[in-house]
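Novice: Structure in structure tokens, see below.
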Amino acid sequence: MEESPLTRALFAKPIRFVAGVADWGQLPELTLPEVAFIGRSNVGKSSLLNALVNNGKLARTSGTPGATRQLNFFNLHELVHLVDVPGYGYAKAGKKEVRHWQDLLKTYLRGRSQLTRAFMLVDARHGVKPEDEKMASMLDDTAVSYQMVLTKADKVKPPELALVQEGAAKAAVRHPAAFPGIITTSAHAKTGIDSLQDAVLDALIGR
């Protein structure tokens, strides 16, 4: 898929880290629209965000589940804040700390009026898991428009990937807040990144 000139222009702009928020009370006053990246621990959120903006050092990546431990806000050319949020599901951290991350995420989803769209990342190696279904239901309840994005597609053979894509599409139609269409990506192979960039731009234009 070829990117539009507007998309290429947007993602060629400078991006900078704004704030890392571990507690809701620390959240600075931000007025730009926001696009959040949500997914199970170790789904590849930070790697995909780095690929999205062509900056390998923007978001911290790790092979350890639970590497993102706060809401991280990145300002893209004073047009939008991209938000990397703590993963849900399994993480190598204490139960109390994991609960704190989850409470922070829930509060963010329920109380952030400028949140334009969320992208719910699903590992293509595993497909939609029960934890993903729970998150989708939470997004439905909070009326946050979201779109499913498959990650790590390069690690799955085409026949299996097609089945995962079909399963994700069927899961999405069960949720009223889900945005139509599944985006399939690989941060490593740089596939599907242009489609994700177009979707971010679409979220800004259509807000």
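Chains: A, B, ... in order of the structure tokens. Residues: from 1 per chain. Ligands: from 1, in order shown.
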Skip range 152-160 of chain A itself and residues of its chain fewer than 2 positions away, then list as a list in words all residues within 8 Å of it, counting only C-alpha atoms.
Specialist: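 The neighbour list is Gly44, Asp123, Ala124, Arg125, Leu150, Ala162, Leu163, Val164, Thr184, Thr185, Ser186, Ala187, His188 and Ala189 of chain A.
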Novice: Pull C-alpha atoms from the residues just selected and write them as an mmCIF file, in the first residue's frame.
Specialist:
```
data_model
loop_
_atom_site.group_PDB
_atom_site.id
_atom_site.type_symbol
_atom_site.label_atom_id
_atom_site.label_comp_id
_atom_site.auth_asym_id
_atom_site.auth_seq_id
_atom_site.Cartn_x
_atom_site.Cartn_y
_atom_site.Cartn_z
ATOM 1 C CA GLY A 44 5.763 -5.521 20.603
ATOM 2 C CA ASP A 123 0.485 -10.970 18.592
ATOM 3 C CA ALA A 124 0.032 -12.743 15.238
ATOM 4 C CA ARG A 125 1.709 -15.842 16.664
ATOM 5 C CA LEU A 150 -1.549 -7.771 14.340
ATOM 6 C CA ALA A 162 -4.514 -15.936 7.207
ATOM 7 C CA LEU A 163 -6.333 -17.898 9.911
ATOM 8 C CA VAL A 164 -5.225 -15.433 12.593
ATOM 9 C CA THR A 184 -1.179 -6.627 9.821
ATOM 10 C CA THR A 185 2.337 -5.454 10.691
ATOM 11 C CA SER A 186 5.895 -6.458 11.392
ATOM 12 C CA ALA A 187 8.195 -3.952 13.065
ATOM 13 C CA HIS A 188 11.182 -6.129 12.118
ATOM 14 C CA ALA A 189 10.292 -6.501 8.431
#
```
Novice: Would you list, as a PDB file with N, CA and C atoms, in the first residue's frame, the residues of range 85-136 of chain A that end up in strand (DSSP E or B) under DSSP run on this structure's backbone?
Specialist:
```
ATOM      1  N   TYR A  88      -1.071  -5.281  29.228  1.00  0.00           N
ATOM      2  CA  TYR A  88      -1.941  -6.038  30.126  1.00  0.00           C
ATOM      3  C   TYR A  88      -1.599  -7.517  30.003  1.00  0.00           C
ATOM      4  N   LEU A 115      -8.584  11.447  23.716  1.00  0.00           N
ATOM      5  CA  LEU A 115      -8.155  10.177  23.135  1.00  0.00           C
ATOM      6  C   LEU A 115      -9.016   9.893  21.906  1.00  0.00           C
ATOM      7  N   THR A 116      -8.414  10.037  20.727  1.00  0.00           N
ATOM      8  CA  THR A 116      -9.140   9.927  19.472  1.00  0.00           C
ATOM      9  C   THR A 116      -9.350   8.486  19.052  1.00  0.00           C
ATOM     10  N   ARG A 117      -8.333   7.678  19.197  1.00  0.00           N
ATOM     11  CA  ARG A 117      -8.446   6.262  18.831  1.00  0.00           C
ATOM     12  C   ARG A 117      -7.368   5.473  19.547  1.00  0.00           C
ATOM     13  N   ALA A 118      -7.671   4.219  19.823  1.00  0.00           N
ATOM     14  CA  ALA A 118      -6.680   3.293  20.359  1.00  0.00           C
ATOM     15  C   ALA A 118      -6.398   2.228  19.306  1.00  0.00           C
ATOM     16  N   PHE A 119      -5.172   1.791  19.268  1.00  0.00           N
ATOM     17  CA  PHE A 119      -4.805   0.663  18.428  1.00  0.00           C
ATOM     18  C   PHE A 119      -4.478  -0.503  19.355  1.00  0.00           C
ATOM     19  N   MET A 120      -5.294  -1.559  19.276  1.00  0.00           N
ATOM     20  CA  MET A 120      -5.124  -2.720  20.146  1.00  0.00           C
ATOM     21  C   MET A 120      -4.265  -3.746  19.429  1.00  0.00           C
ATOM     22  N   LEU A 121      -3.052  -3.930  19.927  1.00  0.00           N
ATOM     23  CA  LEU A 121      -2.085  -4.804  19.278  1.00  0.00           C
ATOM     24  C   LEU A 121      -2.283  -6.246  19.728  1.00  0.00           C
ATOM     25  N   VAL A 122      -2.261  -7.157  18.763  1.00  0.00           N
ATOM     26  CA  VAL A 122      -2.448  -8.582  19.009  1.00  0.00           C
ATOM     27  C   VAL A 122      -1.291  -9.336  18.353  1.00  0.00           C
ATOM     28  N   ASP A 123      -0.646 -10.191  19.104  1.00  0.00           N
ATOM     29  CA  ASP A 123       0.485 -10.970  18.592  1.00  0.00           C
ATOM     30  C   ASP A 123      -0.014 -11.972  17.554  1.00  0.00           C
TER      31      ASP A 123
END
```
Novice: Let me make sure I understand: among A:Leu79, A:Ser47, A:Ala19, A:Leu71, which one has the smallest atom-to-atom distance to Ile205 in chain A if we use only C-alpha atoms?
Specialist: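 When distances to Ile205 in chain A are compared using only C-alpha atoms, the smallest one comes from A:Leu79.
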Novice: When you count only C-alpha atoms, which of these residues is closest to Leu32 in chain A: A:Thr7, A:Gln114, A:Gln70, A:Asn50?
Specialist: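 Using only C-alpha atoms, the shortest distance to Leu32 in chain A belongs to A:Gln114.
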Novice: So that I can check the secondary structure, give me every residue of range 36-172 of chain A assigned helix (DSSP H, G or I) by backbone DSSP, as a PyMOL selection string.
Specialist: chain A and resi 45-52+95-111+130-141+153-155+158-172
Novice: Using only C-alpha atoms, which protein or nucleic acid residues come within 10 Å of Tyr108 in chain A? Drop anything in the same chain fewer than 5 positions from it, and give the result as a tab-separated table (two decimals) with C-alpha atoms, in the first residue's frame.
Specialist:
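Once written, out.tsv looks like this:
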```tsv
chain	number	residue	atom	x	y	z
A	24	TRP	CA	-2.77	9.73	37.23
A	27	LEU	CA	-0.44	13.74	34.06
A	71	LEU	CA	2.06	6.03	30.15
A	85	VAL	CA	0.81	2.34	27.59
A	102	GLN	CA	-3.93	-1.77	35.02
A	103	ASP	CA	-5.71	0.78	37.20
A	113	SER	CA	-11.59	13.12	26.28
A	115	LEU	CA	-8.16	10.18	23.14
```
Novice: Restricting the calculation to only C-alpha atoms: of A:Ala177, A:Ala203, A:Leu10, A:Leu105, which residue gets closest to Asp140 in chain A?
Specialist: A:Ala177
Novice: Hey, can you check how far CA of Gly20 in chain A sits from CA of Asn72 in chain A?
Specialist: 4.5 Å
